[in-house]
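Peer 1: File structure_24.txt below, compact mmCIF, C-alpha atoms:
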```
# COMPACT_ATOMS: atom_id res chain seq x y z
CA ARG J 1 94.23 32.97 154.48
CA GLY J 2 95.87 34.86 151.65
CA LEU J 3 92.46 36.27 150.64
CA ASP J 4 91.57 39.96 150.83
CA CYS J 5 88.21 39.20 152.37
CA ALA J 6 86.90 38.01 155.71
CA CYS J 7 85.70 34.41 155.81
CA VAL J 8 82.31 33.96 157.47
CA ALA J 9 80.52 30.68 158.13
CA THR J 10 76.99 30.04 159.41
CA THR J 11 76.27 26.90 161.44
CA HIS J 12 72.81 25.40 161.82
CA GLY J 13 73.68 22.32 163.87
CA TRP J 14 75.35 18.97 163.42
CA ILE J 15 73.53 15.70 162.82
CA GLU J 16 75.66 12.63 163.54
CA THR J 17 73.61 9.65 162.43
CA SER J 18 76.40 7.91 160.49
CA THR J 19 80.16 7.43 160.54
CA ALA J 20 80.50 9.60 157.43
CA LEU J 21 78.58 12.48 159.03
CA ARG J 22 80.63 12.25 162.23
CA LEU J 23 83.84 12.47 160.18
CA TYR J 24 82.51 15.37 158.11
CA ASN J 25 81.42 17.26 161.23
CA ARG J 26 84.82 16.71 162.87
CA ILE J 27 86.55 18.22 159.83
CA GLU J 28 84.10 21.12 159.74
CA ARG J 29 84.62 21.94 163.41
CA ALA J 30 88.40 21.98 162.89
CA LEU J 31 88.06 24.33 159.90
CA LEU J 32 85.70 26.71 161.68
CA LYS J 33 88.50 27.71 164.06
CA ARG J 34 90.23 29.37 161.08
CA TYR J 35 87.25 31.57 160.09
CA ASP J 36 87.12 35.28 160.91
CA ALA J 37 83.53 34.96 162.10
CA VAL J 38 81.13 32.09 162.72
CA VAL J 39 77.41 32.79 162.94
CA ALA J 40 75.35 30.59 165.25
CA VAL J 41 71.61 30.58 164.52
CA ALA J 42 70.69 29.03 167.88
CA GLN J 43 72.06 29.31 171.41
CA PRO J 44 73.05 25.61 171.70
CA GLN J 45 75.29 26.16 168.69
CA VAL J 46 77.25 28.81 170.61
CA GLU J 47 78.13 26.23 173.27
CA ASN J 48 79.00 23.64 170.60
CA LEU J 49 81.33 26.08 168.85
CA LEU J 50 83.08 26.99 172.09
CA ALA J 51 83.55 23.30 172.84
CA ALA J 52 85.03 22.86 169.35
CA GLY J 53 87.66 25.49 170.13
CA VAL J 54 86.24 28.45 168.22
CA ALA J 55 87.26 31.69 169.94
CA ARG J 56 84.34 33.37 171.71
CA ASP J 57 84.99 36.74 170.04
CA ARG J 58 84.58 35.09 166.62
CA ILE J 59 81.15 33.65 167.43
CA HIS J 60 78.17 35.83 166.49
CA PRO J 61 74.62 34.73 167.41
CA ILE J 62 72.22 35.77 164.64
CA ALA J 63 68.78 34.22 164.88
CA ASN J 64 67.05 32.75 161.85
CA GLY J 65 64.70 35.00 159.93
CA ILE J 66 61.78 34.10 157.68
CA GLU J 67 59.38 35.57 155.20
CA MET J 68 56.24 36.02 157.28
CA ILE J 69 53.35 33.61 156.70
CA GLU J 70 50.28 35.82 156.69
CA HIS J 71 47.22 34.82 158.68
CA ALA J 72 44.89 33.03 156.24
CA SER J 73 41.47 34.44 155.49
CA PRO J 74 38.43 32.17 155.97
CA GLN J 75 38.23 31.71 152.20
CA GLU J 76 41.94 30.78 151.94
CA ARG J 77 41.53 28.33 154.80
CA LEU J 78 38.50 26.72 153.14
CA LEU J 79 40.27 26.36 149.78
CA ALA J 80 43.41 24.91 151.39
CA ARG J 81 41.44 22.34 153.37
CA ARG J 82 39.56 21.32 150.23
CA ARG J 83 42.86 20.94 148.39
CA PHE J 84 44.17 18.54 151.04
CA ARG J 85 40.82 16.76 151.47
CA CYS J 86 40.38 17.78 155.11
CA GLU J 87 36.82 17.79 156.37
CA PRO J 88 35.44 21.02 157.87
CA GLU J 89 34.95 19.46 161.31
CA GLU J 90 38.44 17.97 161.50
CA THR J 91 41.25 19.41 163.59
CA VAL J 92 44.22 19.43 161.24
CA PHE J 93 47.73 18.82 162.56
CA ALA J 94 50.73 19.32 160.28
CA ALA J 95 54.35 18.19 160.32
CA ILE J 96 56.60 20.07 157.90
CA GLY J 97 60.25 19.39 157.13
CA ARG J 98 62.82 16.87 155.99
CA LEU J 99 61.68 13.34 156.79
CA ALA J 100 64.76 12.13 158.66
CA PRO J 101 65.20 10.04 161.85
CA GLU J 102 65.93 13.07 164.07
CA LYS J 103 62.50 14.51 163.22
CA ASN J 104 60.96 11.56 165.11
CA LEU J 105 57.75 11.49 163.07
CA SER J 106 57.18 7.81 163.83
CA LEU J 107 56.36 8.92 167.40
CA LEU J 108 53.73 11.30 166.04
CA LEU J 109 52.11 8.54 163.98
CA ARG J 110 52.11 6.09 166.88
CA ALA J 111 50.63 8.71 169.16
CA MET J 112 47.91 9.39 166.62
CA SER J 113 47.10 5.69 166.46
CA ARG J 114 46.26 5.81 170.19
CA ILE J 115 43.44 8.27 169.52
CA GLY J 116 40.10 6.68 168.68
CA ASP J 117 39.19 6.23 165.02
CA ASP J 118 36.11 8.39 165.52
CA ALA J 119 38.16 11.43 166.61
CA PRO J 120 37.86 14.23 164.01
CA ILE J 121 41.58 14.68 163.34
CA HIS J 122 43.75 14.75 160.25
CA LEU J 123 47.54 14.90 159.87
CA LEU J 124 49.33 16.52 156.93
CA VAL J 125 52.97 15.51 156.46
CA ALA J 126 54.80 17.88 154.11
CA GLY J 127 58.34 17.06 153.03
CA ASP J 128 60.58 14.34 151.68
CA GLY J 129 63.69 12.55 152.86
CA PRO J 130 65.18 9.17 153.73
CA GLU J 131 62.28 8.22 156.03
CA PHE J 132 59.48 8.89 153.53
CA GLY J 133 59.03 5.25 152.54
CA ALA J 134 59.24 3.90 156.10
CA LEU J 135 56.74 6.47 157.35
CA ALA J 136 54.32 5.68 154.52
CA LEU J 137 54.51 1.99 155.44
CA LEU J 138 53.94 2.84 159.11
CA VAL J 139 50.85 4.84 158.18
CA GLU J 140 49.47 1.71 156.48
CA ALA J 141 50.50 -0.63 159.31
CA LEU J 142 48.81 1.55 161.93
CA GLY J 143 45.62 1.86 159.90
CA LEU J 144 46.02 5.64 159.61
CA ARG J 145 45.68 6.05 155.86
CA PRO J 146 42.22 7.74 156.03
CA ARG J 147 43.55 10.30 158.52
CA VAL J 148 47.12 10.96 157.31
CA THR J 149 48.09 12.62 154.03
CA MET J 150 51.71 12.39 152.89
CA LEU J 151 52.16 15.47 150.71
CA GLY J 152 55.79 15.03 149.66
CA THR J 153 57.82 18.07 148.65
CA LEU J 154 55.91 21.32 148.21
CA ASP J 155 57.27 24.47 146.56
CA ASP J 156 55.00 26.59 148.76
CA CYS J 157 53.85 25.54 152.23
CA ALA J 158 51.58 28.56 152.76
CA PRO J 159 48.48 26.46 151.92
CA VAL J 160 49.52 23.93 154.59
CA TYR J 161 49.69 26.70 157.20
CA ALA J 162 46.30 27.94 155.99
CA ALA J 163 44.75 24.48 156.33
CA MET J 164 46.32 23.45 159.64
CA ASP J 165 45.12 24.12 163.15
CA VAL J 166 48.25 22.92 165.01
CA LEU J 167 51.92 22.41 164.05
CA ALA J 168 53.47 19.21 165.42
CA LEU J 169 57.25 19.01 165.91
CA PRO J 170 58.31 15.89 167.90
CA SER J 171 62.00 16.29 166.97
CA LEU J 172 64.92 14.76 168.86
CA SER J 173 67.28 17.48 167.65
CA GLU J 174 66.79 21.05 166.39
CA GLY J 175 68.55 24.38 166.27
CA MET J 176 66.10 27.19 165.61
CA PRO J 177 63.53 25.51 163.35
CA LEU J 178 62.11 27.67 160.60
CA VAL J 179 58.79 25.80 160.74
CA VAL J 180 58.27 26.98 164.32
CA LEU J 181 58.93 30.58 163.29
CA GLU J 182 56.60 30.22 160.29
CA ALA J 183 53.82 28.72 162.41
CA MET J 184 54.25 31.53 164.95
CA SER J 185 54.06 34.12 162.18
CA ALA J 186 50.81 32.50 160.99
CA GLY J 187 49.44 32.55 164.56
CA LYS J 188 49.23 28.75 164.76
CA PRO J 189 49.57 26.84 168.05
CA ILE J 190 52.51 24.44 168.25
CA LEU J 191 53.10 21.12 169.99
CA ALA J 192 56.84 20.46 170.21
CA THR J 193 59.58 18.73 172.13
CA ALA J 194 61.96 20.86 174.20
CA VAL J 195 65.00 20.76 171.90
CA GLY J 196 67.35 23.49 170.67
CA ASP J 197 65.87 26.97 170.81
CA VAL J 198 62.28 25.71 170.68
CA PRO J 199 61.60 26.36 174.41
CA SER J 200 62.82 29.97 174.16
CA LEU J 201 60.63 30.56 171.09
CA LEU J 202 57.52 29.02 172.62
CA ALA J 203 57.96 31.20 175.70
CA HIS J 204 56.47 33.87 173.38
CA ALA J 205 53.67 31.62 172.07
CA PRO J 206 51.07 31.28 174.85
CA CYS J 207 48.85 28.93 172.83
CA SER J 208 51.68 26.40 172.34
CA ARG J 209 52.95 23.51 174.48
CA LEU J 210 56.22 21.69 175.11
CA LEU J 211 55.95 17.91 175.40
CA PRO J 212 58.26 15.04 176.34
CA ALA J 213 59.15 12.63 173.56
CA ASP J 214 56.73 9.85 174.47
CA GLU J 215 53.65 8.54 172.71
CA THR J 216 51.24 8.87 175.63
CA SER J 217 51.99 12.56 176.17
CA TRP J 218 51.60 13.30 172.49
CA ALA J 219 48.37 11.32 172.20
CA ASP J 220 46.93 13.18 175.20
CA ALA J 221 48.01 16.57 173.84
CA MET J 222 46.59 15.87 170.38
CA ARG J 223 43.33 14.68 171.90
CA ALA J 224 43.14 17.82 174.03
CA ALA J 225 43.76 20.00 170.97
CA ILE J 226 40.70 18.68 169.11
CA GLY J 227 38.52 21.66 168.32
CA THR J 228 41.45 24.11 168.43
CA ARG J 229 40.92 27.17 166.27
CA SER J 230 43.35 29.51 168.03
CA ASP J 231 44.94 32.61 166.56
CA ASP J 232 48.06 33.27 168.63
CA SER J 233 48.50 36.98 167.99
CA ALA J 234 51.28 37.29 170.60
CA ALA J 235 53.38 34.67 168.78
CA ARG J 236 52.70 36.34 165.45
CA GLU J 237 53.85 39.76 166.67
CA TYR J 238 56.98 38.31 168.30
CA ALA J 239 57.96 36.54 165.08
CA ARG J 240 57.41 39.70 163.07
CA GLU J 241 59.46 41.88 165.43
CA PHE J 242 62.43 39.59 166.02
CA HIS J 243 62.54 36.96 163.26
CA SER J 244 61.60 38.56 159.97
CA ALA J 245 63.97 38.17 157.02
CA GLN J 246 64.56 41.93 157.20
CA VAL J 247 65.69 41.75 160.85
CA MET J 248 68.07 38.89 160.05
CA ALA J 249 69.48 40.68 156.98
CA THR J 250 70.14 43.82 159.03
CA ARG J 251 72.13 41.84 161.59
CA TYR J 252 74.22 40.11 158.90
CA ALA J 253 74.87 43.45 157.22
CA GLY J 254 76.08 44.86 160.54
CA LEU J 255 78.46 41.93 160.97
CA TYR J 256 79.84 42.34 157.43
CA ARG J 257 80.37 46.09 157.95
CA ALA J 258 82.19 45.41 161.22
CA LEU J 259 84.46 42.86 159.53
CA ARG J 260 85.15 45.16 156.61
CA GLY J 261 86.34 47.83 159.00
CA ALA J 262 88.64 45.46 160.87
CA GLY J 263 92.34 45.51 159.98
CA ASP J 264 93.16 45.34 156.28
CA VAL J 265 90.11 43.30 155.25
CA ALA J 266 88.77 44.74 152.00
CA ARG J 267 85.41 43.05 151.90
CA ALA J 268 83.35 40.38 153.68
CA ALA J 269 82.29 37.12 152.06
```
Represent the supplied structure as structure tokens.
Peer 2:
Amino acid sequence: RGLDCACVATTHGWIETSTALRLYNRIERALLKRYDAVVAVAQPQVENLLAAGVARDRIHPIANGIEMIEHASPQERLLARRRFRCEPEETVFAAIGRLAPEKNLSLLLRAMSRIGDDAPIHLLVAGDGPEFGALALLVEALGLRPRVTMLGTLDDCAPVYAAMDVLALPSLSEGMPLVVLEAMSAGKPILATAVGDVPSLLAHAPCSRLLPADETSWADAMRAAIGTRSDDSAAREYAREFHSAQVMATRYAGLYRALRGAGDVARAA
């Protein structure tokens, strides 16, 4: 207080994998009660904020927005697959994001190891994080090195979306994952666990599937997806209409205008 502006915070979710993170999150939840407005990017966050004591009238759901990933042309797809050394006959799965325990990528690797070595599949793992080294070792231990490519951090993931056939998201915890929105905008089918807002998103993606977090289910689903070359136009149109960066910016601008007109607040921050 004492400022001539409204204080706005945006919450994306809380990960509590250490004592330090649990303490940090506890402090953050206490501070959020003092903000003029708190934006929740996913519905589960609304319930978490209410449980933390944030007043309902200060909570504003605004869904994540993205820059659309355009559907790749055949030439772009061919060049991307050559770049990542994926064979033309292979079905390419991709996992994109921070390599952390809650992303549960070890399950994906173990599920892949259950599929016969002669299956024409390839997995691209794009991202970095605390689990990178452990996952690389697991790839070696499971004998998956010929079929898994660890890409590390990429400045632009558009080539990964161009090369892939299916996005894989076996997470244990999510809010509204941007990778799901990006895959939808590119028309790519998605295999994902039912966490956060993923089920509500995939309700608009008829070529996608929700899976339990167990190796057998994932191995079966990946095996069934071999040969997939789907273009999910319904998912692409939904992402464009409701989750573009422009739609998100318009909703934030509306919130800021509303706050600026409230009481003696001079501007929103």
Peer 1: Would you give me, as a tab-separated table, each residue of region 241-261 of chain J having an atom within 12 Å of an atom of region 38-48 of chain J, along with its shortest atom pair and that distance in Å to one decimal, using all atoms listed in the file and sorting by chain and residue number?
Peer 2:
```
residue	atom	partner	partner_atom	distance
J:His243	CA	J:Val41	CA	11.2
J:Met248	CA	J:Val41	CA	10.1
J:Arg251	CA	J:Val39	CA	10.6
J:Tyr252	CA	J:Val39	CA	8.9
J:Leu255	CA	J:Val39	CA	9.4
J:Tyr256	CA	J:Val39	CA	11.3
J:Leu259	CA	J:Val38	CA	11.7
```
Peer 1: Put those residues in a file: C-alpha atoms, as a short mmCIF file (atom, residue, chain, number, x, y, z; two decimals), keeping the file's coordinate frame.
Peer 2:
```cif
data_model
loop_
_atom_site.label_atom_id
_atom_site.label_comp_id
_atom_site.auth_asym_id
_atom_site.auth_seq_id
_atom_site.Cartn_x
_atom_site.Cartn_y
_atom_site.Cartn_z
CA HIS J 243 62.54 36.96 163.26
CA MET J 248 68.07 38.89 160.05
CA ARG J 251 72.13 41.84 161.59
CA TYR J 252 74.22 40.11 158.90
CA LEU J 255 78.46 41.93 160.97
CA TYR J 256 79.84 42.34 157.43
CA LEU J 259 84.46 42.86 159.53
#
```
Peer 1: Rank J:Val180, J:Thr91, J:Gly143, J:Ile121 by their smallest atom-to-atom distance to Thr228 (chain J), using all atoms listed in the file, and report the top residue only.
Peer 2: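 Among J:Val180, J:Thr91, J:Gly143, J:Ile121, it is J:Thr91 that comes nearest to Thr228 (chain J).
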Peer 1: Neighbouring residues of Ser217 (chain J) were defined as those with any atom within 12 Å, considering all atoms listed in the file; residues of the same chain fewer than 4 positions away were excluded. Please report them as a list of chain:residue names.
Peer 2: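 The residues satisfying every condition are J:Leu107, J:Leu108, J:Arg110, J:Ala111, J:Met112, J:Arg114, J:Ile115, J:Pro170, J:Leu191, J:Ala192, J:Thr193, J:Arg209, J:Leu210, J:Leu211, J:Pro212, J:Ala213, J:Ala221, J:Met222, J:Arg223, J:Ala224.
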Peer 1: Distance table requested - region 79-130 of chain J against region 14-21 of chain J, cut-off 10 Å, only C-alpha atoms: one row per qualifying residue with the closest atom pair and its distance in Å to one decimal, ordered by chain and rising residue number, as a tab-separated table.
Peer 2:
```
residue	atom	partner	partner_atom	distance
J:Ala100	CA	J:Thr17	CA	9.9
J:Pro101	CA	J:Thr17	CA	8.4
J:Glu102	CA	J:Ile15	CA	8.1
```
Peer 1: Can you work out the spacing between CA of Leu50 (chain J) and CA of Cys5 (chain J) in Å, to one decimal?
Peer 2: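 That distance, rounded to one decimal, is 23.8 Å.
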Peer 1: One decimal, Å: what's the distance from CA of Glu237 (chain J) over to CA of Met68 (chain J), could you say?
Peer 2: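 A separation of 10.4 Å between them.
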Peer 1: Any idea what's packed within 12 Å of Ser106 (chain J), counting only C-alpha atoms, ignoring anything in its chain fewer than 2 positions away? Could you give it as JSON, numbers by chain?
Peer 2: {"J": [95, 99, 100, 101, 102, 103, 104, 108, 109, 110, 111, 112, 113, 125, 131, 132, 133, 134, 135, 136, 137, 138, 139, 141, 142, 169, 170, 171, 172, 213, 214, 215, 218]}
Peer 1: Using all atoms listed in the file for the distances, tell me which of J:Arg85, J:Arg260, J:His71, J:Arg77 is nearest to Ala183 (chain J).
Peer 2: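 Going through J:Arg85, J:Arg260, J:His71, J:Arg77 one by one, the smallest distance to Ala183 (chain J) is for J:His71.
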Peer 1: Pull the neighbourhood of (46.7, 31.0, 170.9) for me: all residues within 6 Å in file coordinates, counting all atoms listed in the file, as a PDB file with C-alpha atoms, in the frame of the given file.
Peer 2:
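What ended up in part_11.pdb:
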```
ATOM      1  CA  PRO J 189      49.570  26.840 168.050  1.00  0.00           C
ATOM      2  CA  PRO J 206      51.070  31.280 174.850  1.00  0.00           C
ATOM      3  CA  CYS J 207      48.850  28.930 172.830  1.00  0.00           C
ATOM      4  CA  SER J 230      43.350  29.510 168.030  1.00  0.00           C
ATOM      5  CA  ASP J 231      44.940  32.610 166.560  1.00  0.00           C
ATOM      6  CA  ASP J 232      48.060  33.270 168.630  1.00  0.00           C
TER       7      ASP J 232
END
```
Peer 1: Using Å and a single decimal, report how far CA of Gly227 (chain J) sits from CA of Glu241 (chain J).
Peer 2: 29.3 Å
Peer 1: Taking all atoms of region 14-25 of chain J that appear in the file, build a box with edges along x, y and z, extend it by 3 Å on every side, and state its centre and edge lengths in Å to one decimal, as lines of an AutoDock Vina configuration file.
Peer 2:
```
center_x = 78.7
center_y = 13.2
center_z = 160.5
size_x = 16.3
size_y = 17.5
size_z = 12.1
```
Peer 1: Just the residues within 9 Å of Ala225 (chain J), please, counting only C-alpha atoms, with nothing from its chain fewer than 5 positions along; format it as JSON, numbers by chain.
Peer 2: {"J": [91, 165, 166, 220]}
Peer 1: Now that the selection is made, can you save its residues with C-alpha atoms as a short mmCIF file (atom, residue, chain, number, x, y, z; two decimals), keeping the file's coordinate frame?
Peer 2:
```
data_model
loop_
_atom_site.label_atom_id
_atom_site.label_comp_id
_atom_site.auth_asym_id
_atom_site.auth_seq_id
_atom_site.Cartn_x
_atom_site.Cartn_y
_atom_site.Cartn_z
CA THR J 91 41.25 19.41 163.59
CA ASP J 165 45.12 24.12 163.15
CA VAL J 166 48.25 22.92 165.01
CA ASP J 220 46.93 13.18 175.20
#
```
Peer 1: Which residues are close to Cys86 (chain J), i.e. within 9 Å by only C-alpha atoms, leaving aside same-chain residues fewer than 6 positions away? Reply as a list of chain:residue names.
Peer 2: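 What passes the distance filter is J:Ala80, J:Val92, J:Ile121, J:His122, J:Arg147, J:Ala163.
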Peer 1: Between J:Ala37, J:Ala203, J:Leu144, J:Leu105, which residue has the minimum interatomic distance to Asp117 (chain J), considering all atoms listed in the file?
Peer 2: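 Smallest distance to Asp117 (chain J) is found for J:Leu144.
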Peer 1: My list of candidates is J:His60, J:Ala55, J:Tyr35, J:Arg145. Which is closest to Ala258 (chain J) when distances are computed with all atoms listed in the file?
Peer 2: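 Once distances to Ala258 (chain J) are computed over all atoms listed in the file, the minimum belongs to J:His60.
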Peer 1: Check the smallest atom-to-atom distance from each of J:Arg236, J:Lys33, J:Arg229, J:Arg56 to Ala9 (chain J) using only C-alpha atoms, then report the winner.
Peer 2: J:Lys33
Peer 1: Give me, as a ChimeraX atom specification, all polymer residues having an atom no more than 12 Å from Tyr238 (chain J), counting only C-alpha atoms and skipping those fewer than 3 positions away in the same chain.
Peer 2: /J:65,68,181-187,200-206,232-235,241-244,247
Peer 1: Using only C-alpha atoms, can you tell me which of J:Met176, J:Ile226, J:Leu124, J:Ile66 comes closest to Ala249 (chain J)?
Peer 2: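 Counting only C-alpha atoms, the residue closest to Ala249 (chain J) is J:Ile66.
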Peer 1: Reconstruct all heavy atoms of region 16-26 of chain J from the incomplete input and present them as a compact mmCIF listing (two decimals), keeping the file's coordinate frame.
Peer 2:
```
# COMPACT_ATOMS: atom_id res chain seq x y z
N GLU J 16 74.63 13.66 163.59
CA GLU J 16 75.66 12.63 163.54
C GLU J 16 75.01 11.25 163.59
O GLU J 16 75.13 10.52 164.56
CB GLU J 16 76.66 12.82 164.68
CG GLU J 16 77.36 14.18 164.61
CD GLU J 16 78.60 14.26 165.48
OE1 GLU J 16 78.68 13.50 166.46
OE2 GLU J 16 79.49 15.08 165.15
N THR J 17 74.31 10.92 162.50
CA THR J 17 73.61 9.65 162.43
C THR J 17 74.37 8.59 161.65
O THR J 17 73.85 7.50 161.44
CB THR J 17 72.22 9.86 161.78
OG1 THR J 17 72.39 10.50 160.50
CG2 THR J 17 71.34 10.73 162.68
N SER J 18 75.60 8.89 161.22
CA SER J 18 76.40 7.91 160.49
C SER J 18 77.88 8.22 160.71
O SER J 18 78.24 9.33 161.13
CB SER J 18 76.08 7.94 158.99
OG SER J 18 76.55 9.15 158.42
N THR J 19 78.72 7.24 160.41
CA THR J 19 80.16 7.43 160.54
C THR J 19 80.65 8.54 159.62
O THR J 19 81.49 9.37 159.99
CB THR J 19 80.90 6.12 160.22
OG1 THR J 19 80.45 5.11 161.12
CG2 THR J 19 82.40 6.29 160.36
N ALA J 20 80.09 8.57 158.40
CA ALA J 20 80.50 9.60 157.43
C ALA J 20 80.16 11.00 157.94
O ALA J 20 80.98 11.92 157.82
CB ALA J 20 79.83 9.35 156.09
N LEU J 21 78.97 11.17 158.52
CA LEU J 21 78.58 12.48 159.03
C LEU J 21 79.44 12.88 160.22
O LEU J 21 79.82 14.05 160.36
CB LEU J 21 77.10 12.46 159.44
CG LEU J 21 76.09 12.65 158.32
CD1 LEU J 21 74.67 12.50 158.85
CD2 LEU J 21 76.26 14.02 157.65
N ARG J 22 79.78 11.93 161.08
CA ARG J 22 80.63 12.25 162.23
C ARG J 22 82.00 12.71 161.77
O ARG J 22 82.57 13.66 162.33
CB ARG J 22 80.73 11.03 163.16
CG ARG J 22 79.46 10.79 163.98
CD ARG J 22 79.70 9.76 165.06
NE ARG J 22 79.83 8.42 164.49
CZ ARG J 22 78.80 7.61 164.25
NH1 ARG J 22 77.56 8.00 164.53
NH2 ARG J 22 79.00 6.40 163.76
N LEU J 23 82.54 12.07 160.73
CA LEU J 23 83.84 12.47 160.18
C LEU J 23 83.75 13.86 159.55
O LEU J 23 84.60 14.73 159.78
CB LEU J 23 84.33 11.45 159.16
CG LEU J 23 85.64 11.79 158.43
CD1 LEU J 23 86.78 11.94 159.43
CD2 LEU J 23 85.97 10.73 157.38
N TYR J 24 82.72 14.07 158.76
CA TYR J 24 82.51 15.37 158.11
C TYR J 24 82.40 16.49 159.16
O TYR J 24 83.02 17.55 159.02
CB TYR J 24 81.25 15.34 157.25
CG TYR J 24 80.89 16.66 156.64
CD1 TYR J 24 81.45 17.08 155.44
CD2 TYR J 24 79.99 17.52 157.27
CE1 TYR J 24 81.14 18.30 154.88
CE2 TYR J 24 79.67 18.76 156.72
CZ TYR J 24 80.24 19.14 155.53
OH TYR J 24 79.93 20.36 154.99
N ASN J 25 81.62 16.24 160.20
CA ASN J 25 81.42 17.26 161.23
C ASN J 25 82.73 17.56 161.98
O ASN J 25 83.00 18.70 162.36
CB ASN J 25 80.35 16.81 162.22
CG ASN J 25 78.97 16.76 161.58
OD1 ASN J 25 78.73 17.41 160.56
ND2 ASN J 25 78.07 16.01 162.17
N ARG J 26 83.54 16.51 162.19
CA ARG J 26 84.82 16.71 162.87
C ARG J 26 85.72 17.61 162.04
O ARG J 26 86.39 18.52 162.57
CB ARG J 26 85.49 15.36 163.12
CG ARG J 26 86.78 15.44 163.91
CD ARG J 26 87.31 14.06 164.21
NE ARG J 26 88.57 14.12 164.95
CZ ARG J 26 89.25 13.03 165.32
NH1 ARG J 26 88.79 11.82 165.03
NH2 ARG J 26 90.39 13.16 165.99
```
